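Containing compact mmCIF, C-alpha atoms: coords07.txt.
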# COMPACT_ATOMS: atom_id res chain seq x y z
CA MET A 1456 107.97 -75.43 16.25
CA ASP A 1457 111.08 -75.87 14.11
CA VAL A 1458 110.65 -79.63 14.22
CA ALA A 1459 107.01 -79.36 13.19
CA ILE A 1460 107.86 -77.04 10.28
CA ARG A 1461 110.67 -79.35 9.15
CA ALA A 1462 108.38 -82.40 9.30
CA GLY A 1463 105.66 -80.49 7.48
CA LEU A 1464 108.09 -79.41 4.76
CA GLU A 1465 109.29 -82.98 4.35
CA GLY A 1466 105.71 -84.07 3.78
CA LEU A 1467 105.12 -81.18 1.40
CA PHE A 1468 108.16 -81.94 -0.75
CA SER A 1469 108.08 -85.73 -0.45
CA GLY A 1470 107.16 -85.96 -4.12
CA VAL A 1471 110.28 -84.07 -5.17
CA ALA A 1472 112.44 -86.04 -2.74
CA HIS A 1473 111.28 -89.40 -4.06
CA LEU A 1474 111.24 -88.58 -7.76
CA ASP A 1475 113.65 -90.88 -9.59
CA LEU A 1476 114.92 -91.09 -13.18
CA GLY A 1477 112.58 -93.97 -14.07
CA GLN A 1478 109.54 -91.98 -13.00
CA LEU A 1479 110.78 -88.95 -14.93
CA PHE A 1480 111.14 -91.12 -18.04
CA MET A 1481 107.63 -92.53 -17.59
CA LEU A 1482 106.20 -89.01 -17.10
CA ALA A 1483 107.82 -88.09 -20.43
CA LEU A 1484 106.41 -91.26 -22.02
CA GLY A 1485 102.94 -90.41 -20.69
CA CYS A 1486 103.28 -86.95 -22.27
CA LEU A 1487 104.38 -88.58 -25.55
CA LEU A 1488 101.25 -90.76 -25.55
CA LEU A 1489 99.15 -87.65 -24.91
CA TYR A 1490 100.90 -85.90 -27.81
CA LEU A 1491 100.24 -88.84 -30.14
CA ALA A 1492 96.60 -88.93 -29.07
CA ILE A 1493 95.91 -85.18 -29.25
CA ALA A 1494 98.23 -83.80 -31.93
CA ARG A 1495 98.45 -86.86 -34.19
CA GLU A 1496 94.99 -88.27 -33.36
CA ILE A 1497 96.43 -91.79 -33.02
CA GLU A 1498 93.84 -93.96 -31.26
CA PRO A 1499 92.94 -90.93 -29.06
CA LEU A 1500 90.07 -92.67 -27.27
CA LEU A 1501 92.54 -95.02 -25.62
CA LEU A 1502 95.96 -93.41 -25.84
CA LEU A 1503 94.75 -90.25 -24.09
CA PRO A 1504 93.49 -91.98 -20.91
CA ILE A 1505 96.42 -94.44 -21.04
CA GLY A 1506 98.92 -91.58 -21.25
CA PHE A 1507 97.22 -89.70 -18.43
CA GLY A 1508 97.05 -92.84 -16.30
CA ALA A 1509 100.79 -93.36 -16.92
CA ILE A 1510 101.45 -89.82 -15.66
CA LEU A 1511 99.27 -90.22 -12.56
CA VAL A 1512 100.77 -93.54 -11.53
CA ASN A 1513 104.34 -92.23 -11.76
CA ILE A 1514 103.81 -89.28 -9.43
CA PRO A 1515 105.94 -90.26 -6.43
CA ASP A 1516 104.13 -90.86 -3.15
CA ALA A 1517 100.68 -90.29 -4.69
CA GLY A 1518 99.82 -93.96 -4.03
CA LEU A 1519 97.20 -94.24 -6.74
CA MET A 1520 98.08 -97.89 -7.35
CA ALA A 1521 98.60 -98.71 -3.68
CA GLU A 1522 95.94 -100.89 -2.06
CA GLY A 1523 92.83 -98.72 -1.75
CA GLY A 1524 94.14 -96.14 -4.24
CA VAL A 1525 91.79 -94.80 -6.91
CA LEU A 1526 93.53 -96.42 -9.88
CA ARG A 1527 94.03 -99.71 -8.01
CA THR A 1528 90.27 -99.75 -7.36
CA PHE A 1529 89.50 -99.18 -11.06
CA TYR A 1530 92.07 -101.82 -12.02
CA ASN A 1531 90.76 -104.46 -9.61
CA ALA A 1532 87.14 -103.77 -10.48
CA GLY A 1533 87.50 -103.80 -14.24
CA VAL A 1534 90.76 -105.26 -15.51
CA ALA A 1535 91.71 -107.89 -12.93
CA SER A 1536 88.08 -109.03 -12.98
CA GLU A 1537 88.18 -108.98 -16.86
CA ILE A 1538 84.92 -106.99 -16.90
CA PHE A 1539 86.11 -103.94 -18.90
CA PRO A 1540 87.41 -105.75 -22.02
CA VAL A 1541 84.32 -107.93 -22.06
CA LEU A 1542 82.02 -104.89 -21.84
CA VAL A 1543 83.90 -103.19 -24.68
CA PHE A 1544 82.91 -106.15 -26.84
CA ILE A 1545 79.19 -105.41 -26.44
CA GLY A 1546 79.85 -102.02 -28.01
CA ILE A 1547 81.96 -103.54 -30.81
CA GLY A 1548 79.17 -106.02 -31.57
CA ALA A 1549 76.56 -103.27 -31.62
CA LEU A 1550 78.70 -101.24 -34.03
CA THR A 1551 79.55 -104.09 -36.41
CA ASP A 1552 77.60 -104.90 -39.54
CA PHE A 1553 78.32 -108.50 -40.49
CA GLY A 1554 76.32 -108.03 -43.72
CA PRO A 1555 79.32 -107.97 -46.13
CA LEU A 1556 80.69 -111.12 -44.49
CA LEU A 1557 77.36 -112.94 -44.74
CA GLU A 1558 77.12 -112.03 -48.43
CA ASN A 1559 80.32 -113.98 -49.11
CA PRO A 1560 80.85 -116.40 -46.19
CA LYS A 1561 84.00 -118.02 -47.62
CA ILE A 1562 85.99 -114.87 -46.88
CA LEU A 1563 85.52 -115.81 -43.22
CA LEU A 1564 88.52 -118.06 -43.86
CA LEU A 1565 90.66 -114.96 -44.36
CA GLY A 1566 89.65 -113.96 -40.83
CA ALA A 1567 91.20 -117.24 -39.66
CA ALA A 1568 94.38 -116.90 -41.73
CA GLY A 1569 94.81 -113.36 -40.39
CA GLN A 1570 95.27 -114.85 -36.90
CA PHE A 1571 98.05 -117.32 -37.75
CA GLY A 1572 100.67 -114.73 -36.80
CA ILE A 1573 99.41 -114.92 -33.20
CA PHE A 1574 100.61 -118.49 -32.91
CA LEU A 1575 103.85 -117.95 -34.85
CA THR A 1576 104.68 -115.01 -32.57
CA LEU A 1577 103.93 -117.19 -29.57
CA LEU A 1578 106.70 -119.54 -30.71
CA LEU A 1579 109.08 -116.60 -31.22
CA ALA A 1580 108.29 -115.33 -27.71
CA LEU A 1581 109.06 -118.79 -26.31
CA LEU A 1582 112.35 -118.69 -28.19
CA LEU A 1583 113.18 -115.37 -26.51
CA GLY A 1584 112.64 -116.87 -23.08
CA PHE A 1585 109.12 -115.81 -22.14
CA THR A 1586 106.96 -118.28 -20.24
CA LEU A 1587 104.14 -120.03 -22.09
CA GLN A 1588 101.48 -117.80 -20.52
CA GLN A 1589 103.45 -114.65 -21.32
CA ALA A 1590 104.13 -115.86 -24.88
CA ALA A 1591 100.41 -116.52 -25.43
CA SER A 1592 99.56 -113.02 -24.21
CA ILE A 1593 102.22 -111.41 -26.41
CA GLY A 1594 101.07 -113.37 -29.47
CA VAL A 1595 97.56 -111.94 -29.15
CA ILE A 1596 98.93 -108.44 -29.89
CA GLY A 1597 98.97 -109.69 -33.49
CA ALA A 1598 95.21 -110.04 -33.49
CA MET A 1599 95.12 -106.21 -33.58
CA ASP A 1600 92.25 -106.51 -31.17
CA GLY A 1601 92.95 -104.49 -28.03
CA PRO A 1602 90.21 -105.85 -25.74
CA THR A 1603 91.16 -109.46 -26.58
CA ALA A 1604 94.85 -108.74 -25.88
CA ILE A 1605 93.89 -107.16 -22.55
CA TYR A 1606 91.56 -110.05 -21.69
CA VAL A 1607 94.19 -112.73 -22.36
CA SER A 1608 97.07 -110.88 -20.68
CA SER A 1609 95.01 -109.97 -17.60
CA LYS A 1610 94.35 -113.72 -17.27
CA PHE A 1611 97.84 -115.03 -18.00
CA ALA A 1612 100.40 -112.23 -17.69
CA PRO A 1613 99.04 -109.31 -15.63
CA ASP A 1614 102.60 -108.07 -15.10
CA LEU A 1615 102.90 -107.51 -18.87
CA LEU A 1616 99.51 -105.86 -19.29
CA GLY A 1617 100.94 -102.33 -19.69
CA PRO A 1618 103.39 -102.97 -22.55
CA ILE A 1619 101.03 -105.44 -24.28
CA SER A 1620 98.12 -102.98 -24.25
CA VAL A 1621 100.26 -100.06 -25.38
CA ALA A 1622 101.68 -102.20 -28.21
CA ALA A 1623 98.24 -103.49 -29.24
CA TYR A 1624 96.67 -100.04 -29.43
CA SER A 1625 99.58 -98.03 -30.78
CA TYR A 1626 100.41 -100.56 -33.51
CA MET A 1627 96.79 -100.47 -34.65
CA SER A 1628 97.50 -96.97 -35.90
CA LEU A 1629 100.53 -98.25 -37.81
CA VAL A 1630 98.40 -100.58 -39.94
CA PRO A 1631 98.32 -98.14 -42.92
CA ILE A 1632 102.14 -97.94 -42.82
CA VAL A 1633 103.01 -101.56 -42.06
CA GLN A 1634 100.59 -103.44 -44.32
CA PRO A 1635 101.09 -101.98 -47.84
CA PRO A 1636 104.76 -103.00 -48.30
CA ILE A 1637 103.95 -106.57 -47.19
CA MET A 1638 100.93 -106.67 -49.51
CA ARG A 1639 103.06 -105.52 -52.46
CA LEU A 1640 105.89 -107.89 -51.62
CA LEU A 1641 103.67 -110.97 -51.56
CA THR A 1642 101.45 -110.29 -54.58
CA THR A 1643 102.07 -109.89 -58.30
CA LYS A 1644 100.80 -106.87 -60.23
CA ASP A 1645 98.30 -109.11 -62.05
CA GLU A 1646 96.89 -110.31 -58.74
CA ARG A 1647 96.55 -106.76 -57.44
CA LEU A 1648 94.63 -105.83 -60.60
CA ILE A 1649 91.94 -108.50 -60.10
CA VAL A 1650 88.61 -106.70 -60.07
CA MET A 1651 86.05 -108.17 -57.72
CA GLY A 1652 82.40 -107.51 -58.50
CA GLY A 1653 80.13 -105.42 -56.32
CA VAL A 1654 78.65 -106.95 -53.18
CA LYS A 1655 75.00 -107.83 -53.83
CA ARG A 1656 72.48 -107.69 -51.05
CA THR A 1657 71.34 -111.27 -50.60
CA VAL A 1658 71.07 -111.71 -46.84
CA SER A 1659 67.66 -111.76 -45.23
CA ARG A 1660 66.88 -110.09 -41.91
CA ARG A 1661 66.18 -113.49 -40.36
CA ALA A 1662 69.62 -114.77 -41.38
CA LYS A 1663 71.23 -111.68 -39.84
CA LEU A 1664 69.24 -112.28 -36.65
CA VAL A 1665 70.14 -115.96 -36.37
CA PHE A 1666 73.84 -115.40 -37.21
CA PRO A 1667 75.01 -114.05 -33.81
CA ILE A 1668 73.06 -116.74 -31.93
CA MET A 1669 74.50 -119.45 -34.17
CA VAL A 1670 78.09 -118.16 -33.88
CA VAL A 1671 77.97 -117.91 -30.10
CA ILE A 1672 76.59 -121.43 -29.72
CA VAL A 1673 79.00 -123.06 -32.20
CA GLY A 1674 82.07 -121.01 -31.23
CA SER A 1675 81.52 -121.37 -27.50
CA ILE A 1676 80.97 -125.12 -27.66
CA ILE A 1677 84.25 -125.51 -29.58
CA ALA A 1678 86.22 -123.07 -27.39
CA PRO A 1679 84.33 -122.58 -24.10
CA GLN A 1680 87.04 -120.36 -22.59
CA GLY A 1681 86.34 -117.73 -25.26
CA THR A 1682 82.62 -117.52 -24.41
CA PRO A 1683 82.84 -114.23 -22.45
CA LEU A 1684 84.37 -112.48 -25.48
CA LEU A 1685 82.32 -114.19 -28.19
CA GLY A 1686 79.15 -113.97 -26.11
CA MET A 1687 79.41 -110.22 -25.59
CA ILE A 1688 80.30 -109.34 -29.19
CA MET A 1689 77.38 -111.42 -30.44
CA LEU A 1690 75.03 -110.02 -27.79
CA GLY A 1691 75.92 -106.54 -29.01
CA ASN A 1692 75.30 -107.60 -32.59
CA LEU A 1693 71.94 -109.16 -31.71
CA LEU A 1694 70.92 -105.90 -30.01
CA ARG A 1695 71.77 -104.17 -33.32
CA GLU A 1696 70.05 -106.62 -35.65
CA SER A 1697 66.94 -107.29 -33.56
CA GLY A 1698 65.67 -103.77 -34.11
CA VAL A 1699 63.52 -103.97 -30.96
CA VAL A 1700 65.95 -102.68 -28.34
CA GLU A 1701 67.12 -99.43 -29.87
CA ARG A 1702 67.84 -97.94 -26.41
CA LEU A 1703 70.07 -100.86 -25.40
CA LYS A 1704 71.85 -100.75 -28.75
CA GLN A 1705 72.44 -97.01 -28.40
CA ALA A 1706 73.64 -97.46 -24.82
CA SER A 1707 76.01 -100.28 -25.86
CA GLU A 1708 77.64 -98.32 -28.66
CA ASN A 1709 77.68 -95.01 -26.80
CA GLU A 1710 77.35 -94.73 -23.02
CA ILE A 1711 78.64 -98.19 -22.02
CA ALA A 1712 81.45 -98.21 -24.60
CA ASN A 1713 82.50 -94.65 -23.69
CA ILE A 1714 82.54 -95.13 -19.91
CA VAL A 1715 84.32 -98.47 -20.14
CA THR A 1716 86.86 -97.14 -22.66
CA LEU A 1717 87.73 -94.28 -20.32
CA LEU A 1718 88.11 -96.50 -17.25
CA LEU A 1719 89.92 -99.21 -19.22
CA GLY A 1720 92.39 -96.71 -20.66
CA ILE A 1721 93.22 -95.12 -17.32
CA SER A 1722 93.51 -98.56 -15.67
CA ILE A 1723 95.98 -99.70 -18.36
CA GLY A 1724 97.96 -96.48 -17.91
CA ALA A 1725 98.05 -97.30 -14.20
CA THR A 1726 99.97 -100.49 -14.95
CA MET A 1727 102.80 -98.42 -16.44
CA GLN A 1728 104.69 -97.84 -13.21
CA ALA A 1729 108.38 -97.16 -13.87
CA GLU A 1730 109.62 -100.18 -11.88
CA ILE A 1731 107.28 -102.49 -13.84
CA PHE A 1732 107.40 -100.92 -17.31
CA LEU A 1733 111.09 -100.04 -17.65
CA ARG A 1734 112.40 -103.52 -18.23
CA TYR A 1735 114.23 -105.28 -21.02
CA GLN A 1736 111.06 -107.37 -21.55
CA THR A 1737 109.07 -104.28 -22.60
CA LEU A 1738 111.34 -103.68 -25.60
CA LEU A 1739 111.03 -107.34 -26.60
CA ILE A 1740 107.23 -107.14 -26.32
CA LEU A 1741 107.11 -104.04 -28.53
CA LEU A 1742 109.33 -105.81 -31.07
CA LEU A 1743 107.32 -109.04 -30.98
CA GLY A 1744 104.08 -107.07 -31.32
CA PHE A 1745 105.40 -105.53 -34.52
CA VAL A 1746 106.49 -108.93 -35.82
CA ALA A 1747 103.03 -110.31 -34.99
CA ILE A 1748 101.27 -107.68 -37.16
CA CYS A 1749 103.63 -108.36 -40.05
CA LEU A 1750 103.12 -112.13 -39.79
CA ASP A 1751 99.33 -111.79 -39.55
CA THR A 1752 99.27 -109.56 -42.63
CA ALA A 1753 101.56 -111.96 -44.51
CA THR A 1754 99.54 -115.09 -43.63
CA GLY A 1755 96.30 -113.30 -44.56
CA VAL A 1756 97.66 -112.24 -47.97
CA LEU A 1757 99.18 -115.68 -48.64
CA PHE A 1758 95.85 -117.33 -47.82
CA GLY A 1759 94.22 -114.78 -50.13
CA LYS A 1760 96.59 -115.97 -52.88
CA LEU A 1761 95.55 -119.56 -52.22
CA MET A 1762 91.87 -118.60 -52.44
CA CYS A 1763 92.64 -116.64 -55.61
CA ALA A 1764 94.19 -119.74 -57.19
CA LEU A 1765 91.36 -122.02 -56.04
CA SER A 1766 88.67 -119.61 -57.28
CA GLY A 1767 90.25 -119.33 -60.72
CA GLY A 1768 91.46 -115.78 -60.15
CA LYS A 1769 88.17 -114.32 -58.88
CA ILE A 1770 89.47 -113.23 -55.48
CA ASN A 1771 91.94 -110.37 -55.17
CA PRO A 1772 94.52 -111.58 -52.61
CA LEU A 1773 94.91 -108.05 -51.25
CA ILE A 1774 91.70 -108.53 -49.25
CA GLY A 1775 93.58 -111.16 -47.21
CA ALA A 1776 95.37 -108.29 -45.44
CA ALA A 1777 91.99 -107.27 -43.98
CA GLY A 1778 91.75 -110.64 -42.20
CA ILE A 1779 93.32 -109.02 -39.13
CA SER A 1780 90.96 -107.49 -36.63
CA ALA A 1781 91.94 -103.81 -36.99
CA PHE A 1782 88.49 -102.61 -38.03
CA PRO A 1783 87.90 -100.70 -40.27
CA MET A 1784 91.48 -99.55 -40.81
CA ALA A 1785 92.73 -102.71 -42.51
CA ALA A 1786 89.76 -102.70 -44.92
CA ARG A 1787 90.49 -99.08 -45.86
CA VAL A 1788 94.14 -99.94 -46.50
CA VAL A 1789 93.04 -102.72 -48.89
CA GLN A 1790 90.69 -100.33 -50.71
CA THR A 1791 93.47 -97.73 -51.06
CA GLU A 1792 95.95 -100.34 -52.33
CA GLY A 1793 93.42 -101.72 -54.83
CA GLN A 1794 92.66 -98.22 -56.15
CA ARG A 1795 96.35 -97.53 -56.50
CA TYR A 1796 96.59 -100.14 -59.26
CA SER A 1797 93.14 -99.80 -60.83
CA LYS A 1798 90.61 -97.05 -60.28
CA LYS A 1799 87.90 -99.54 -61.28
CA ASN A 1800 88.74 -101.78 -58.37
CA HIS A 1801 86.45 -101.27 -55.39
CA LEU A 1802 87.54 -103.79 -52.80
CA LEU A 1803 86.13 -101.99 -49.76
CA MET A 1804 83.03 -104.11 -49.12
CA HIS A 1805 84.90 -107.38 -49.72
CA ALA A 1806 87.64 -106.19 -47.39
CA MET A 1807 85.02 -105.14 -44.81
CA GLY A 1808 83.71 -108.72 -44.94
CA ALA A 1809 87.21 -110.10 -44.33
CA ASN A 1810 87.77 -107.50 -41.62
CA THR A 1811 84.62 -108.45 -39.68
CA GLY A 1812 85.67 -112.07 -40.22
CA GLY A 1813 88.96 -111.06 -38.57
CA GLN A 1814 87.04 -109.73 -35.58
CA ILE A 1815 85.32 -113.08 -35.14
CA GLY A 1816 88.59 -114.88 -35.97
CA SER A 1817 90.59 -113.06 -33.28
CA VAL A 1818 88.02 -113.89 -30.62
CA ILE A 1819 87.79 -117.53 -31.75
CA ALA A 1820 91.62 -117.80 -31.88
CA ALA A 1821 91.89 -116.38 -28.35
CA GLY A 1822 89.13 -118.72 -27.16
CA ILE A 1823 90.87 -121.72 -28.69
CA MET A 1824 94.19 -120.64 -27.17
CA LEU A 1825 92.61 -120.28 -23.70
CA SER A 1826 90.79 -123.61 -24.01
CA VAL A 1827 93.89 -125.49 -25.24
CA LEU A 1828 95.99 -123.98 -22.44
CA ARG A 1829 93.37 -125.00 -19.92
CA GLY A 1830 93.39 -128.51 -21.38
CA LEU A 1831 97.18 -128.54 -21.01
CA GLY A 1832 96.86 -127.64 -17.36
CA TYR A 1833 97.51 -123.88 -17.63
CA GLY A 1834 94.90 -121.41 -16.46
CA MET B 540 104.86 -134.10 -23.88
CA THR B 541 105.59 -131.85 -20.95
CA ASP B 542 108.36 -129.47 -22.04
CA VAL B 543 107.39 -125.95 -22.94
CA TRP B 544 108.36 -126.32 -26.62
CA SER B 545 106.09 -129.33 -27.13
CA ILE B 546 103.27 -127.41 -25.51
CA GLY B 547 104.09 -124.36 -27.63
CA TYR B 548 104.00 -126.38 -30.87
CA ALA B 549 100.78 -128.11 -29.80
CA LEU B 550 99.25 -124.72 -29.05
CA ALA B 551 100.36 -123.31 -32.41
CA VAL B 552 99.08 -126.29 -34.43
CA LEU B 553 95.80 -126.60 -32.54
CA GLY B 554 95.36 -122.84 -32.51
CA MET B 555 95.83 -122.30 -36.24
CA GLY B 556 94.04 -125.49 -37.24
CA GLY B 557 91.24 -124.98 -34.73
CA THR B 558 90.62 -121.37 -35.77
CA LEU B 559 90.57 -122.30 -39.46
CA VAL B 560 88.27 -125.31 -38.99
CA THR B 561 85.91 -123.41 -36.68
CA LEU B 562 85.56 -120.49 -39.07
CA ALA B 563 85.18 -122.87 -42.04
CA PHE B 564 82.38 -124.63 -40.15
CA ILE B 565 80.70 -121.30 -39.39
CA ALA B 566 81.03 -120.33 -43.08
CA VAL B 567 79.24 -123.55 -44.10
CA LEU B 568 76.53 -122.85 -41.52
CA VAL B 569 76.11 -119.32 -42.94
CA VAL B 570 75.58 -120.79 -46.42
CA LEU B 571 72.91 -123.11 -44.97
CA LEU B 572 71.40 -120.22 -43.03
CA LYS B 573 71.05 -118.18 -46.21
CA ARG B 574 69.30 -121.12 -47.89
CA LEU B 575 66.99 -121.59 -44.92
CA PHE B 576 66.12 -117.91 -44.77
CA PRO B 577 66.46 -116.65 -48.35
CA TYR B 578 66.51 -112.97 -49.15
CA SER B 579 63.17 -111.51 -50.16
CA PRO B 580 62.23 -108.03 -51.38
CA GLU B 581 60.54 -107.45 -48.00
CA ASP B 582 63.99 -107.47 -46.41
CA ALA B 583 64.86 -104.34 -48.35
CA ARG B 584 62.27 -102.39 -46.40
Show how you would write the structure in this file as structure tokens.
Amino acid sequence: MDVAIRAGLEGLFSGVAHLDLGQLFMLALGCLLLYLAIAREIEPLLLLPIGFGAILVNIPDAGLMAEGGVLRTFYNAGVASEIFPVLVFIGIGALTDFGPLLENPKILLLGAAGQFGIFLTLLLALLLGFTLQQAASIGVIGAMDGPTAIYVSSKFAPDLLGPISVAAYSYMSLVPIVQPPIMRLLTTKDERLIVMGGVKRTVSRRAKLVFPIMVVIVGSIIAPQGTPLLGMIMLGNLLRESGVVERLKQASENEIANIVTLLLGISIGATMQAEIFLRYQTLLILLLGFVAICLDTATGVLFGKLMCALSGGKINPLIGAAGISAFPMAARVVQTEGQRYSKKNHLLMHAMGANTGGQIGSVIAAGIMLSVLRGLGYG
Amino acid sequence: MTDVWSIGYALAVLGMGGTLVTLAFIAVLVVLLKRLFPYSPEDAR
């Protein structure tokens, strides 16, 4: 009987026996993510399930990420298969009003300039010794577009999915802190004082209906590897603009988006196992992610300055900072900065246009990156 | 052009240029789309 009791006790306390320092650190990190989500309300929809997933996966001997484990099943079904990030895009499309962008289509260019940091960060990552596929995945953090970052890294660098996702989502909340100093540094006071007129409503319903169909055809023909992302965001938008499938639109922006966000978050948290996450590379990824946001903001603002010069001073270059995909945070930052220098300056709708342009831009940039890499024999 | 740096530069140039040209093309198409389907007061309803 003694032997049986001893064996039983060993099984009972196996968790305690196998708990190591790395797992303890990750449990603390999981709790920190929960704190940021709950107490600070930083991206709570994702950081809460990510933090909880990180706690679950670092419980010794629980085997949640072992073959057949609950979290492994979620991960294989939704992340490894790339289904979850793609489904999130239907919800994003259903929630996005491209109206301000269609009113002033040239600000779509700011959505392109806001992605340049992706490619500059890619070069920096190569310089630091990452492989091409890893560097491409790290660069996409700069798009400030979580689902796209997850999609690209699950394709090219699944071993870096945890740190890349955490960086992409947690840095999104830093946009109001990171962007303003860069915006001030790169613009003159006169430029910041440029008052842009109100956005007039000049887009017909038919144009709004044709827009998502047109974008998906053109964008997908140019960059076929980005079709899953572009296709789903535009499908969601067509559900919104068609006005005939209210139930599908509601489901896309509520039920589907909520369920997928929960499962996606917990699956990402599940990739944060101590032995995978606690590496020198994680620190570099967090650093490069930060650099990527700064570069994207800078290239957006600099392109805004170019457009300001070409338009004879009619475009406030601050709206260039909204060319990144962090929607609607970046647009709000631009509005706040504009108001700081002139209470008459209402840049919100212009910035919203650039911001939705950034959403399209990040997906197109990722699609082009995937297609070029495929052409080069990668992926 | 097989070393990783050449590929990295190619990716950066094609990525930035491709994104800019694609979005510029879409912007032109939007302008044409607005001309093809002009705004009318009925759209306000």
Taking all atoms listed in the file into account, report as a VMD selection string which residues of chain B lie within 8 Å of chain A.
chain B and resid 543 to 544 546 to 548 550 to 551 553 to 555 557 to 559 561 to 563 565 to 567 569 to 570 572 to 573 576 to 579 582
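Interatomic distance, CA of Gly1813 (chain A) against CA of Arg1795 (chain A): 23.6 Å.
Shortest separation to Phe1585 (chain A) among A:Val1788, A:Ala1549, A:Leu1743, A:Leu1765 occurs at residue A:Leu1743, atoms counted being all atoms listed in the file.
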With 6 Å added on each side, what axis-aligned box encloses every listed atom of region 564-583 of chain B? Give the centre and edge lengths in Å to one decimal, as JSON.
{"center_x": 71.5, "center_y": -114.5, "center_z": -45.4, "size_x": 33.8, "size_y": 32.3, "size_z": 24.0}
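One finds CA of Pro1679 (chain A) at 27.1 Å from CA of Met1807 (chain A).
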What is the CA of Thr1737 (chain A)-CA of Ser545 (chain B) distance in Å, reported with one decimal?
25.6 Å
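Every protein or nucleic acid residue with an atom no more than 10 Å from Ala1492 (chain A), counting all atoms listed in the file and leaving out same-chain residues fewer than 3 positions away, appears here: Cys1486, Leu1487, Leu1488, Leu1489, Arg1495, Glu1496, Ile1497, Glu1498, Pro1499, Leu1500, Leu1501, Leu1502, Leu1503, Pro1504, Ile1505, Gly1506 and Ser1625 of chain A.
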